[in-house]
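Asker: Handing over start_9.tsv, TSV, C-alpha atoms (C1' of nucleotides).
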```
chain	number	residue	atom	x	y	z
A	1	MET	CA	12.08	-15.26	18.64
A	2	THR	CA	11.84	-15.82	14.93
A	3	ASN	CA	14.54	-17.64	13.11
A	4	PRO	CA	16.68	-15.47	10.83
A	5	LEU	CA	17.42	-18.40	8.57
A	6	PRO	CA	15.12	-20.10	6.15
A	7	TYR	CA	13.45	-23.19	7.37
A	8	ARG	CA	15.36	-25.24	4.90
A	9	PRO	CA	18.76	-25.40	6.53
A	10	HIS	CA	21.76	-24.39	4.48
A	11	ASN	CA	25.11	-22.69	4.64
A	12	HIS	CA	23.94	-19.13	4.76
A	13	HIS	CA	27.28	-17.43	4.21
A	14	ALA	CA	27.95	-19.47	1.14
A	15	CYS	CA	24.42	-18.87	-0.09
A	16	VAL	CA	24.87	-15.10	0.15
A	17	SER	CA	28.25	-14.96	-1.48
A	18	SER	CA	27.27	-17.21	-4.31
A	19	ALA	CA	24.24	-15.02	-4.92
A	20	MET	CA	26.47	-11.96	-5.01
A	21	GLU	CA	28.82	-13.63	-7.48
A	22	GLU	CA	25.98	-14.66	-9.69
A	23	ALA	CA	24.64	-11.10	-9.60
A	24	GLN	CA	28.03	-9.72	-10.54
A	25	ALA	CA	28.27	-12.10	-13.48
A	26	LEU	CA	24.75	-11.30	-14.62
A	27	CYS	CA	25.42	-7.58	-14.63
A	28	GLN	CA	28.70	-7.97	-16.48
A	29	SER	CA	27.13	-10.04	-19.20
A	30	SER	CA	24.30	-7.58	-19.62
A	31	GLY	CA	26.50	-4.50	-19.61
A	32	THR	CA	24.95	-3.04	-16.50
A	33	ARG	CA	26.74	-1.99	-13.35
A	34	LEU	CA	26.43	-3.60	-9.97
A	35	THR	CA	27.54	-0.49	-8.11
A	36	ARG	CA	28.48	-0.38	-4.47
A	37	LEU	CA	25.02	0.80	-3.47
A	38	ARG	CA	23.30	-1.87	-5.51
A	39	ALA	CA	25.54	-4.58	-4.15
A	40	GLN	CA	24.97	-3.29	-0.64
A	41	VAL	CA	21.20	-3.44	-1.03
A	42	LEU	CA	21.25	-6.83	-2.70
A	43	GLU	CA	23.40	-8.23	0.05
A	44	LEU	CA	21.12	-6.82	2.73
A	45	ILE	CA	18.20	-8.52	1.08
A	46	TRP	CA	20.03	-11.79	0.69
A	47	GLN	CA	21.20	-11.84	4.26
A	48	SER	CA	17.57	-12.08	5.24
A	49	HIS	CA	15.55	-14.91	3.81
A	50	ARG	CA	12.52	-13.02	4.86
A	51	PRO	CA	11.17	-10.08	2.90
A	52	LEU	CA	12.49	-6.63	3.73
A	53	GLY	CA	10.50	-3.44	3.36
A	54	ALA	CA	12.01	-0.56	1.45
A	55	TYR	CA	12.16	1.51	4.61
A	56	ASP	CA	13.87	-1.31	6.47
A	57	ILE	CA	16.57	-1.24	3.84
A	58	LEU	CA	16.71	2.52	4.06
A	59	ALA	CA	17.25	2.37	7.80
A	60	VAL	CA	20.12	-0.07	7.51
A	61	LEU	CA	21.77	1.96	4.77
A	62	ASN	CA	21.67	5.02	6.96
A	63	GLU	CA	23.09	3.07	9.88
A	64	GLN	CA	25.91	2.08	7.59
A	65	GLY	CA	26.76	5.73	7.07
A	66	ARG	CA	25.25	6.28	3.67
A	67	LYS	CA	22.93	9.25	3.37
A	68	ALA	CA	19.98	7.67	1.65
A	69	ALA	CA	16.45	8.85	1.04
A	70	PRO	CA	13.51	6.80	-0.21
A	71	PRO	CA	14.16	7.37	-3.93
A	72	THR	CA	17.63	5.95	-3.54
A	73	VAL	CA	16.22	2.72	-2.22
A	74	TYR	CA	13.36	2.46	-4.67
A	75	ARG	CA	15.60	3.15	-7.64
A	76	THR	CA	18.02	0.54	-6.50
A	77	LEU	CA	15.23	-1.95	-6.00
A	78	ASP	CA	13.88	-1.12	-9.45
A	79	PHE	CA	17.24	-1.91	-10.92
A	80	LEU	CA	17.59	-5.16	-9.02
A	81	GLN	CA	14.09	-6.17	-10.03
A	82	SER	CA	14.74	-5.35	-13.68
A	83	MET	CA	17.77	-7.63	-13.50
A	84	GLY	CA	15.62	-10.33	-11.93
A	85	LEU	CA	17.80	-10.29	-8.82
A	86	VAL	CA	15.02	-9.48	-6.41
A	87	HIS	CA	11.26	-9.88	-6.39
A	88	ARG	CA	8.65	-7.67	-4.87
A	89	ILE	CA	6.02	-9.43	-2.81
A	90	ALA	CA	2.87	-7.44	-3.34
A	91	SER	CA	0.94	-8.86	-0.42
A	92	LEU	CA	3.69	-7.74	1.97
A	93	ASN	CA	5.02	-4.58	0.31
A	94	ALA	CA	8.43	-6.12	0.66
A	95	PHE	CA	11.34	-7.45	-1.33
A	96	ILE	CA	13.23	-10.69	-1.39
A	97	GLY	CA	16.20	-12.11	-3.23
A	98	CYS	CA	15.52	-14.22	-6.26
A	99	THR	CA	16.93	-17.70	-6.14
A	100	GLN	CA	16.97	-18.18	-9.91
A	101	PRO	CA	18.10	-14.83	-11.29
A	102	SER	CA	19.40	-16.39	-14.47
A	103	HIS	CA	15.99	-17.58	-15.58
A	104	SER	CA	13.48	-14.93	-16.42
A	105	HIS	CA	10.38	-15.79	-14.48
A	106	SER	CA	7.69	-14.56	-12.21
A	107	GLY	CA	8.04	-15.44	-8.58
A	108	TYR	CA	5.90	-18.05	-6.88
A	109	PHE	CA	6.18	-17.84	-3.13
A	110	LEU	CA	5.32	-19.77	-0.02
A	111	ILE	CA	5.15	-17.25	2.80
A	112	CYS	CA	5.11	-18.50	6.39
A	113	GLU	CA	2.97	-16.20	8.47
A	114	HIS	CA	4.64	-17.34	11.69
A	115	CYS	CA	8.36	-17.04	10.97
A	116	GLN	CA	8.12	-14.79	7.90
A	117	ASN	CA	10.42	-17.00	5.90
A	118	VAL	CA	9.70	-17.14	2.23
A	119	LEU	CA	10.44	-19.99	-0.12
A	120	GLU	CA	10.49	-19.33	-3.82
A	121	LEU	CA	9.10	-22.16	-5.92
A	122	PRO	CA	10.04	-23.08	-9.45
A	123	ALA	CA	6.33	-23.90	-9.75
A	124	ASP	CA	6.10	-25.27	-13.22
A	125	GLY	CA	2.81	-26.90	-12.33
A	126	ILE	CA	1.33	-23.60	-11.22
A	127	ARG	CA	2.67	-21.79	-14.24
A	128	GLN	CA	1.13	-24.34	-16.55
A	129	ALA	CA	-2.21	-24.17	-14.75
A	130	ILE	CA	-2.19	-20.41	-15.03
A	131	HIS	CA	-1.43	-20.43	-18.70
A	132	ARG	CA	-4.06	-23.04	-19.33
A	133	GLU	CA	-6.76	-21.05	-17.56
A	134	ALA	CA	-5.65	-17.82	-19.20
A	135	ALA	CA	-5.73	-19.48	-22.60
A	136	GLU	CA	-9.30	-20.57	-22.00
A	137	GLN	CA	-10.17	-16.91	-21.57
A	138	ALA	CA	-8.03	-15.88	-24.55
A	139	PHE	CA	-6.04	-13.77	-22.12
A	140	SER	CA	-2.39	-13.18	-22.80
A	141	VAL	CA	-0.25	-13.32	-19.68
A	142	ARG	CA	2.55	-10.86	-19.09
A	143	GLU	CA	3.31	-11.48	-15.47
A	144	SER	CA	1.79	-13.50	-12.69
A	145	THR	CA	1.82	-12.88	-9.00
A	146	VAL	CA	1.43	-16.00	-6.87
A	147	GLU	CA	1.81	-15.53	-3.13
A	148	ILE	CA	0.75	-18.37	-0.91
A	149	ALA	CA	0.42	-17.55	2.77
A	150	GLY	CA	0.31	-20.24	5.42
A	151	THR	CA	2.49	-22.18	7.78
A	152	CYS	CA	5.83	-23.77	7.06
A	153	PRO	CA	6.62	-27.27	8.34
A	154	ALA	CA	8.94	-26.02	11.08
A	155	CYS	CA	6.33	-23.66	12.50
A	156	ARG	CA	3.58	-26.22	12.21
A	157	GLN	CA	5.52	-28.45	14.60
A	158	THR	CA	6.19	-25.62	17.02
A	159	GLN	CA	2.66	-24.26	16.98
A	160	PRO	CA	0.77	-27.40	16.16
A	161	SER	CA	-2.77	-26.14	16.51
A	162	LYS	CA	-4.83	-23.07	17.13
A	163	SER	CA	-8.15	-24.79	17.53
A	164	PRO	CA	-9.95	-24.04	20.84
B	165	MET	CA	-11.03	5.88	-23.55
B	166	THR	CA	-11.29	2.79	-21.44
B	167	ASN	CA	-14.42	0.76	-21.38
B	168	PRO	CA	-16.39	0.92	-18.14
B	169	LEU	CA	-17.81	-2.53	-18.71
B	170	PRO	CA	-16.09	-5.85	-18.49
B	171	TYR	CA	-14.87	-7.26	-21.71
B	172	ARG	CA	-17.32	-10.10	-21.40
B	173	PRO	CA	-20.54	-8.43	-22.39
B	174	HIS	CA	-23.51	-8.74	-20.07
B	175	ASN	CA	-26.49	-6.90	-18.69
B	176	HIS	CA	-24.73	-4.65	-16.27
B	177	HIS	CA	-27.75	-3.30	-14.44
B	178	ALA	CA	-29.02	-6.78	-13.75
B	179	CYS	CA	-25.58	-7.93	-12.72
B	180	VAL	CA	-25.34	-5.16	-10.13
B	181	SER	CA	-28.78	-5.63	-8.69
B	182	SER	CA	-28.47	-9.37	-8.45
B	183	ALA	CA	-25.16	-8.90	-6.64
B	184	MET	CA	-26.85	-6.54	-4.21
B	185	GLU	CA	-29.65	-8.98	-3.60
B	186	GLU	CA	-27.23	-11.80	-3.00
B	187	ALA	CA	-25.31	-9.62	-0.57
B	188	GLN	CA	-28.49	-8.76	1.30
B	189	ALA	CA	-29.39	-12.42	1.60
B	190	LEU	CA	-25.91	-13.37	2.74
B	191	CYS	CA	-25.94	-10.78	5.49
B	192	GLN	CA	-29.38	-11.77	6.68
B	193	SER	CA	-28.45	-15.40	6.92
B	194	SER	CA	-25.29	-14.57	8.83
B	195	GLY	CA	-26.94	-12.13	11.20
B	196	THR	CA	-24.86	-9.17	10.04
B	197	ARG	CA	-26.17	-5.88	8.77
B	198	LEU	CA	-25.82	-4.56	5.27
B	199	THR	CA	-26.20	-0.94	6.32
B	200	ARG	CA	-26.79	1.92	3.97
B	201	LEU	CA	-23.09	2.79	3.94
B	202	ARG	CA	-22.05	-0.77	3.26
B	203	ALA	CA	-24.59	-1.18	0.52
B	204	GLN	CA	-23.51	2.12	-0.98
B	205	VAL	CA	-19.86	1.05	-1.07
B	206	LEU	CA	-20.63	-2.40	-2.40
B	207	GLU	CA	-22.75	-0.95	-5.16
B	208	LEU	CA	-20.02	1.51	-6.12
B	209	ILE	CA	-17.60	-1.34	-6.42
B	210	TRP	CA	-19.98	-3.46	-8.42
B	211	GLN	CA	-20.82	-0.69	-10.80
B	212	SER	CA	-17.21	-0.80	-11.88
B	213	HIS	CA	-15.83	-4.06	-13.10
B	214	ARG	CA	-12.43	-2.59	-12.64
B	215	PRO	CA	-10.79	-2.33	-9.25
B	216	LEU	CA	-11.44	0.80	-7.22
B	217	GLY	CA	-8.97	2.28	-4.78
B	218	ALA	CA	-10.14	3.08	-1.27
B	219	TYR	CA	-9.66	6.77	-1.95
B	220	ASP	CA	-11.65	6.55	-5.16
B	221	ILE	CA	-14.52	5.19	-3.12
B	222	LEU	CA	-13.97	7.88	-0.53
B	223	ALA	CA	-14.21	10.59	-3.17
B	224	VAL	CA	-17.47	9.27	-4.54
B	225	LEU	CA	-18.98	8.95	-1.08
B	226	ASN	CA	-18.16	12.55	-0.37
B	227	GLU	CA	-19.64	13.62	-3.71
B	228	GLN	CA	-22.78	11.81	-2.66
B	229	GLY	CA	-23.03	14.02	0.41
B	230	ARG	CA	-21.75	11.65	3.04
B	231	LYS	CA	-18.97	12.99	5.24
B	232	ALA	CA	-16.50	10.14	5.06
B	233	ALA	CA	-12.88	9.86	6.09
B	234	PRO	CA	-10.46	7.04	5.29
B	235	PRO	CA	-11.33	4.87	8.29
B	236	THR	CA	-14.95	4.82	7.24
B	237	VAL	CA	-14.02	3.38	3.89
B	238	TYR	CA	-11.47	0.91	5.18
B	239	ARG	CA	-13.79	-0.37	7.85
B	240	THR	CA	-16.53	-0.84	5.35
B	241	LEU	CA	-14.19	-2.65	3.01
B	242	ASP	CA	-13.02	-4.85	5.89
B	243	PHE	CA	-16.59	-5.84	6.54
B	244	LEU	CA	-17.32	-6.55	2.90
B	245	GLN	CA	-14.15	-8.60	2.63
B	246	SER	CA	-14.97	-10.57	5.75
B	247	MET	CA	-18.32	-11.41	4.16
B	248	GLY	CA	-16.54	-12.47	0.98
B	249	LEU	CA	-18.38	-9.78	-0.96
B	250	VAL	CA	-15.29	-8.01	-2.21
B	251	HIS	CA	-11.67	-8.93	-2.78
B	252	ARG	CA	-8.59	-6.83	-2.38
B	253	ILE	CA	-6.14	-6.99	-5.24
B	254	ALA	CA	-2.74	-6.66	-3.64
B	255	SER	CA	-0.83	-5.80	-6.78
B	256	LEU	CA	-3.13	-2.82	-7.39
B	257	ASN	CA	-4.05	-1.72	-3.87
B	258	ALA	CA	-7.61	-1.84	-5.01
B	259	PHE	CA	-10.88	-3.63	-4.45
B	260	ILE	CA	-13.30	-5.48	-6.64
B	261	GLY	CA	-16.62	-7.22	-6.23
B	262	CYS	CA	-16.58	-10.95	-5.74
B	263	THR	CA	-18.57	-12.90	-8.28
B	264	GLN	CA	-19.02	-15.96	-6.05
B	265	PRO	CA	-19.65	-14.54	-2.58
B	266	SER	CA	-21.48	-17.65	-1.45
B	267	HIS	CA	-18.45	-19.87	-1.84
B	268	SER	CA	-15.58	-19.24	0.45
B	269	HIS	CA	-12.52	-18.96	-1.71
B	270	SER	CA	-9.45	-16.99	-2.54
B	271	GLY	CA	-9.65	-14.84	-5.62
B	272	TYR	CA	-7.83	-15.67	-8.81
B	273	PHE	CA	-7.75	-12.74	-11.17
B	274	LEU	CA	-6.97	-11.88	-14.76
B	275	ILE	CA	-6.12	-8.20	-14.84
B	276	CYS	CA	-6.00	-6.41	-18.17
B	277	GLU	CA	-3.31	-3.77	-18.05
B	278	HIS	CA	-4.87	-1.84	-20.93
B	279	CYS	CA	-8.52	-1.50	-19.96
B	280	GLN	CA	-8.17	-2.33	-16.26
B	281	ASN	CA	-10.98	-4.81	-16.38
B	282	VAL	CA	-10.63	-7.72	-14.04
B	283	LEU	CA	-12.05	-11.19	-14.48
B	284	GLU	CA	-12.29	-13.45	-11.50
B	285	LEU	CA	-11.59	-17.09	-12.25
B	286	PRO	CA	-12.96	-20.11	-10.48
B	287	ALA	CA	-9.49	-21.52	-11.12
B	288	ASP	CA	-9.81	-25.01	-9.81
B	289	GLY	CA	-6.81	-26.04	-11.86
B	290	ILE	CA	-4.67	-23.33	-10.32
B	291	ARG	CA	-5.89	-24.11	-6.84
B	292	GLN	CA	-5.03	-27.75	-7.27
B	293	ALA	CA	-1.59	-26.95	-8.63
B	294	ILE	CA	-0.95	-24.67	-5.68
B	295	HIS	CA	-1.98	-27.26	-3.14
B	296	ARG	CA	0.08	-29.91	-4.87
B	297	GLU	CA	3.22	-27.78	-4.83
B	298	ALA	CA	2.61	-26.67	-1.26
B	299	ALA	CA	2.13	-30.26	-0.18
B	300	GLU	CA	5.47	-31.18	-1.70
B	301	GLN	CA	7.02	-28.62	0.62
B	302	ALA	CA	4.91	-29.75	3.57
B	303	PHE	CA	3.52	-26.24	3.64
B	304	SER	CA	-0.01	-25.69	4.85
B	305	VAL	CA	-1.90	-23.12	2.82
B	306	ARG	CA	-4.16	-20.57	4.46
B	307	GLU	CA	-4.75	-18.19	1.62
B	308	SER	CA	-3.41	-17.73	-1.86
B	309	THR	CA	-3.06	-14.60	-3.90
B	310	VAL	CA	-3.07	-15.13	-7.65
B	311	GLU	CA	-3.06	-12.02	-9.80
B	312	ILE	CA	-2.32	-12.45	-13.46
B	313	ALA	CA	-1.54	-9.28	-15.38
B	314	GLY	CA	-1.66	-9.14	-19.13
B	315	THR	CA	-3.95	-8.28	-22.01
B	316	CYS	CA	-7.56	-9.25	-22.46
B	317	PRO	CA	-8.82	-10.45	-25.83
B	318	ALA	CA	-10.63	-7.21	-26.60
B	319	CYS	CA	-7.55	-5.09	-26.00
B	320	ARG	CA	-5.32	-7.48	-27.88
B	321	GLN	CA	-7.39	-6.82	-30.98
B	322	THR	CA	-7.37	-3.08	-30.48
B	323	GLN	CA	-3.67	-2.85	-29.70
B	324	PRO	CA	-2.46	-5.85	-31.59
B	325	SER	CA	1.27	-5.51	-31.06
B	326	LYS	CA	3.90	-3.51	-29.31
B	327	SER	CA	6.87	-5.08	-31.03
B	328	PRO	CA	9.07	-2.62	-32.95
C	329	DC	C1'	-42.06	4.35	26.08
C	330	DG	C1'	-37.23	4.93	27.84
C	331	DG	C1'	-32.88	3.72	29.09
C	332	DA	C1'	-29.02	0.32	28.63
C	333	DT	C1'	-26.06	-2.03	25.54
C	334	DG	C1'	-23.22	-2.96	21.74
C	335	DA	C1'	-22.52	-2.14	16.86
C	336	DA	C1'	-21.61	1.22	13.41
C	337	DT	C1'	-19.92	5.54	11.98
C	338	DG	C1'	-17.63	10.19	12.60
C	339	DT	C1'	-13.33	12.71	13.55
C	340	DT	C1'	-8.56	13.84	14.08
C	341	DA	C1'	-4.19	12.63	13.77
C	342	DT	C1'	-0.51	9.91	12.21
C	343	DA	C1'	2.06	5.88	10.27
C	344	DG	C1'	3.68	3.48	6.25
C	345	DT	C1'	4.65	3.11	1.22
C	346	DG	C1'	6.04	5.04	-3.06
C	347	DT	C1'	6.94	8.95	-6.67
C	348	DT	C1'	8.33	13.49	-9.05
C	349	DG	C1'	11.60	16.71	-10.30
C	350	DC	C1'	15.73	18.59	-10.20
C	351	DA	C1'	20.67	19.09	-8.53
C	352	DT	C1'	24.99	16.84	-8.04
C	353	DT	C1'	28.45	13.35	-8.57
C	354	DA	C1'	30.60	9.43	-10.62
C	355	DT	C1'	31.88	6.64	-14.79
C	356	DC	C1'	33.15	5.83	-19.35
C	357	DA	C1'	34.45	6.67	-24.19
C	358	DT	C1'	36.67	9.51	-26.94
D	359	DA	C1'	40.96	16.32	-20.14
D	360	DT	C1'	36.22	16.74	-21.75
D	361	DG	C1'	31.83	15.87	-22.85
D	362	DA	C1'	28.05	12.51	-22.57
D	363	DT	C1'	25.56	9.35	-19.87
D	364	DA	C1'	24.45	6.79	-15.82
D	365	DA	C1'	23.93	6.87	-10.96
D	366	DT	C1'	23.02	9.05	-6.69
D	367	DG	C1'	21.62	12.96	-3.48
D	368	DC	C1'	17.97	15.71	-1.97
D	369	DA	C1'	13.49	18.04	-0.98
D	370	DA	C1'	8.97	17.84	-1.39
D	371	DC	C1'	4.93	15.46	-1.99
D	372	DA	C1'	1.20	11.80	-3.20
D	373	DC	C1'	-0.97	7.73	-2.09
D	374	DT	C1'	-2.36	3.92	1.10
D	375	DA	C1'	-3.67	2.49	5.60
D	376	DT	C1'	-4.32	2.51	10.74
D	377	DA	C1'	-4.89	4.14	15.78
D	378	DA	C1'	-7.48	6.20	19.26
D	379	DC	C1'	-11.30	8.26	20.85
D	380	DA	C1'	-16.04	10.52	20.30
D	381	DT	C1'	-20.59	10.20	18.71
D	382	DT	C1'	-24.66	8.20	16.75
D	383	DC	C1'	-27.67	4.40	15.73
D	384	DA	C1'	-30.26	0.07	16.30
D	385	DT	C1'	-32.03	-3.22	19.25
D	386	DC	C1'	-33.57	-5.40	23.30
D	387	DC	C1'	-35.41	-5.52	27.66
D	388	DG	C1'	-37.94	-3.53	31.54
```
Any chance you could give the structure as structure tokens?
Answerer:
Amino acid sequence: MTNPLPYRPHNHHACVSSAMEEAQALCQSSGTRLTRLRAQVLELIWQSHRPLGAYDILAVLNEQGRKAAPPTVYRTLDFLQSMGLVHRIASLNAFIGCTQPSHSHSGYFLICEHCQNVLELPADGIRQAIHREAAEQAFSVRESTVEIAGTCPACRQTQPSKSP
Amino acid sequence: MTNPLPYRPHNHHACVSSAMEEAQALCQSSGTRLTRLRAQVLELIWQSHRPLGAYDILAVLNEQGRKAAPPTVYRTLDFLQSMGLVHRIASLNAFIGCTQPSHSHSGYFLICEHCQNVLELPADGIRQAIHREAAEQAFSVRESTVEIAGTCPACRQTQPSKSP
DNA sequence: CGGATGAATGTTATAGTGTTGCATTATCAT
DNA sequence: ATGATAATGCAACACTATAACATTCATCCG
């Protein structure tokens, strides 16, 4: 029904393993530990290019034989977020792997409402616009949430129109 | 402790009543009904320039003698949102009055993490940047969520620095 | 007026999301 | 090894939101 891969085609296996390697390196250099649980959760998230809910992750962990309860998942997600390895998408109550974990940044997302794929944007233009508008209000920005819902190019072709 | 008024000073009573009048007019012209309950909820929201949770609203309604349960509040909020009279702030699970109900638009918000006041921006610059970046990805935008958390000018003066 | 109709609200129950607090286990440096 | 610290297990709970059905309210038409 919906495509498990992002609409921008790529080698998914390579994409996951390179993300895992990058995560490992990041944790080493920061003196934190990418434990088995954390790696497991990160990999789950990366295997899906669409956002996963905390309870989705929980269910998979339990299928995999680990006895996990909600706090386990949320703590793990907190860690991964603090490392910049995953982002939380507030409008979906869900989590997605960060494509640029090395750079500290807020996430800017294009969310397809048809196939649920999410594309993370570098979004320098948006960031600049935000800081410009904030500056006009003398507001100092800590973090910005930008979540753009709509239709990705692939789905627009498949479902070209909804007009009556 | 925290200031119940927005950091941009204004005549709050007038601001609330003009919002209520505008809401009344909007509903009349669209053939919908601004019932007592709906007006009550909208006024509650407007009286606070900070976002209110659905259960905050519920509590006040019950204090005011109405026997309300969650669906009552959520349905009312759905109506007010569909009229563009209030916005939901996803990152806070809370609701705030819309300052431009006549224009259809997404909300762009500056959220002060210290005093909880929220300022809604017209944000043409941000909107343009979003559409430009989306267009580059051939993504068609339906709705965008922009929620900028940080410190408002008033709070920056009060709590000038958190650096050690 | 009075009944029919549809919109709005009341009511009960439940689903979904996230947190607190404390017990236990694993890891690491001495 | 041992003691300190980080990570995970576990139980209970708080907060946010929706489903399904019953009742009340407003309006329109005869």
Asker: Per residue of chain A within 8 Å of chain D, which atom pair is closest and at what distance in Å (one decimal), using all atoms listed in the file, listed by chain and increasing number, as CSV?
Answerer:
```
residue,atom,partner,partner_atom,distance
A:Lys67,CA,D:DG367,C1',7.9
A:Ala68,CA,D:DG367,C1',7.5
A:Ala69,CA,D:DC368,C1',7.6
A:Thr72,CA,D:DT366,C1',7.0
```
Asker: Could you please select, counting only C-alpha atoms, the residues of chain B within 6 Å of chain A and state them as a ChimeraX atom specification?
Answerer: /B:254-255,289-290,293,302-317
Asker: Taking all atoms listed in the file into account, name the residue in C:DA354, C:DA341, C:DA336, C:DC329 that is nearest to chain A.
Answerer: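 Comparing C:DA354, C:DA341, C:DA336, C:DC329 against chain A, the winner is C:DA354.
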Asker: I need the contact residues of chain A against chain C, so if you could list those with any atom within 12 Å, counting all atoms listed in the file, and return them as an MDAnalysis selection string, that would help.
Answerer: chainID A and resid 33 35:36 53:56 69:75 77:78 90 92:94
Asker: CA of Ala39 in chain A to CA of Asn11 in chain A: how many Å, to one decimal?
Answerer: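 About the pair CA of Ala39 in chain A and CA of Asn11 in chain A: they are 20.1 Å apart.
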Asker: Starting from the incomplete input, reconstruct N, CA and C atoms of range 282-301 of chain B and write that as an mmCIF file, keeping the file's coordinate frame.
Answerer:
```
data_model
loop_
_atom_site.group_PDB
_atom_site.id
_atom_site.type_symbol
_atom_site.label_atom_id
_atom_site.label_comp_id
_atom_site.auth_asym_id
_atom_site.auth_seq_id
_atom_site.Cartn_x
_atom_site.Cartn_y
_atom_site.Cartn_z
ATOM 1 N N VAL B 282 -11.104 -6.563 -14.781
ATOM 2 C CA VAL B 282 -10.630 -7.720 -14.040
ATOM 3 C C VAL B 282 -11.656 -8.839 -14.169
ATOM 4 N N LEU B 283 -11.178 -10.016 -14.438
ATOM 5 C CA LEU B 283 -12.050 -11.190 -14.480
ATOM 6 C C LEU B 283 -11.626 -12.123 -13.369
ATOM 7 N N GLU B 284 -12.601 -12.514 -12.565
ATOM 8 C CA GLU B 284 -12.290 -13.450 -11.500
ATOM 9 C C GLU B 284 -12.511 -14.867 -12.004
ATOM 10 N N LEU B 285 -11.525 -15.712 -11.768
ATOM 11 C CA LEU B 285 -11.590 -17.090 -12.250
ATOM 12 C C LEU B 285 -12.000 -18.028 -11.131
ATOM 13 N N PRO B 286 -12.737 -19.058 -11.465
ATOM 14 C CA PRO B 286 -12.960 -20.110 -10.480
ATOM 15 C C PRO B 286 -11.630 -20.835 -10.198
ATOM 16 N N ALA B 287 -10.890 -21.128 -11.249
ATOM 17 C CA ALA B 287 -9.490 -21.520 -11.120
ATOM 18 C C ALA B 287 -9.254 -22.767 -10.294
ATOM 19 N N ASP B 288 -10.052 -23.766 -10.523
ATOM 20 C CA ASP B 288 -9.810 -25.010 -9.810
ATOM 21 C C ASP B 288 -8.455 -25.608 -10.168
ATOM 22 N N GLY B 289 -8.097 -25.491 -11.427
ATOM 23 C CA GLY B 289 -6.810 -26.040 -11.860
ATOM 24 C C GLY B 289 -5.670 -25.369 -11.121
ATOM 25 N N ILE B 290 -5.733 -24.055 -11.005
ATOM 26 C CA ILE B 290 -4.670 -23.330 -10.320
ATOM 27 C C ILE B 290 -4.653 -23.707 -8.846
ATOM 28 N N ARG B 291 -5.841 -23.766 -8.257
ATOM 29 C CA ARG B 291 -5.890 -24.110 -6.840
ATOM 30 C C ARG B 291 -5.265 -25.480 -6.592
ATOM 31 N N GLN B 292 -5.601 -26.417 -7.442
ATOM 32 C CA GLN B 292 -5.030 -27.750 -7.270
ATOM 33 C C GLN B 292 -3.520 -27.735 -7.425
ATOM 34 N N ALA B 293 -3.046 -27.013 -8.423
ATOM 35 C CA ALA B 293 -1.590 -26.950 -8.630
ATOM 36 C C ALA B 293 -0.915 -26.345 -7.412
ATOM 37 N N ILE B 294 -1.520 -25.312 -6.857
ATOM 38 C CA ILE B 294 -0.950 -24.670 -5.680
ATOM 39 C C ILE B 294 -0.894 -25.646 -4.514
ATOM 40 N N HIS B 295 -1.988 -26.343 -4.284
ATOM 41 C CA HIS B 295 -1.980 -27.260 -3.140
ATOM 42 C C HIS B 295 -1.024 -28.412 -3.363
ATOM 43 N N ARG B 296 -0.861 -28.823 -4.603
ATOM 44 C CA ARG B 296 0.080 -29.910 -4.870
ATOM 45 C C ARG B 296 1.504 -29.452 -4.570
ATOM 46 N N GLU B 297 1.848 -28.252 -5.051
ATOM 47 C CA GLU B 297 3.220 -27.780 -4.830
ATOM 48 C C GLU B 297 3.462 -27.492 -3.350
ATOM 49 N N ALA B 298 2.450 -26.941 -2.695
ATOM 50 C CA ALA B 298 2.610 -26.670 -1.260
ATOM 51 C C ALA B 298 2.803 -27.977 -0.499
ATOM 52 N N ALA B 299 2.027 -28.979 -0.873
ATOM 53 C CA ALA B 299 2.130 -30.260 -0.180
ATOM 54 C C ALA B 299 3.525 -30.850 -0.327
ATOM 55 N N GLU B 300 4.110 -30.682 -1.503
ATOM 56 C CA GLU B 300 5.470 -31.180 -1.700
ATOM 57 C C GLU B 300 6.447 -30.545 -0.726
ATOM 58 N N GLN B 301 6.151 -29.314 -0.319
ATOM 59 C CA GLN B 301 7.020 -28.620 0.620
ATOM 60 C C GLN B 301 6.519 -28.760 2.053
#
```
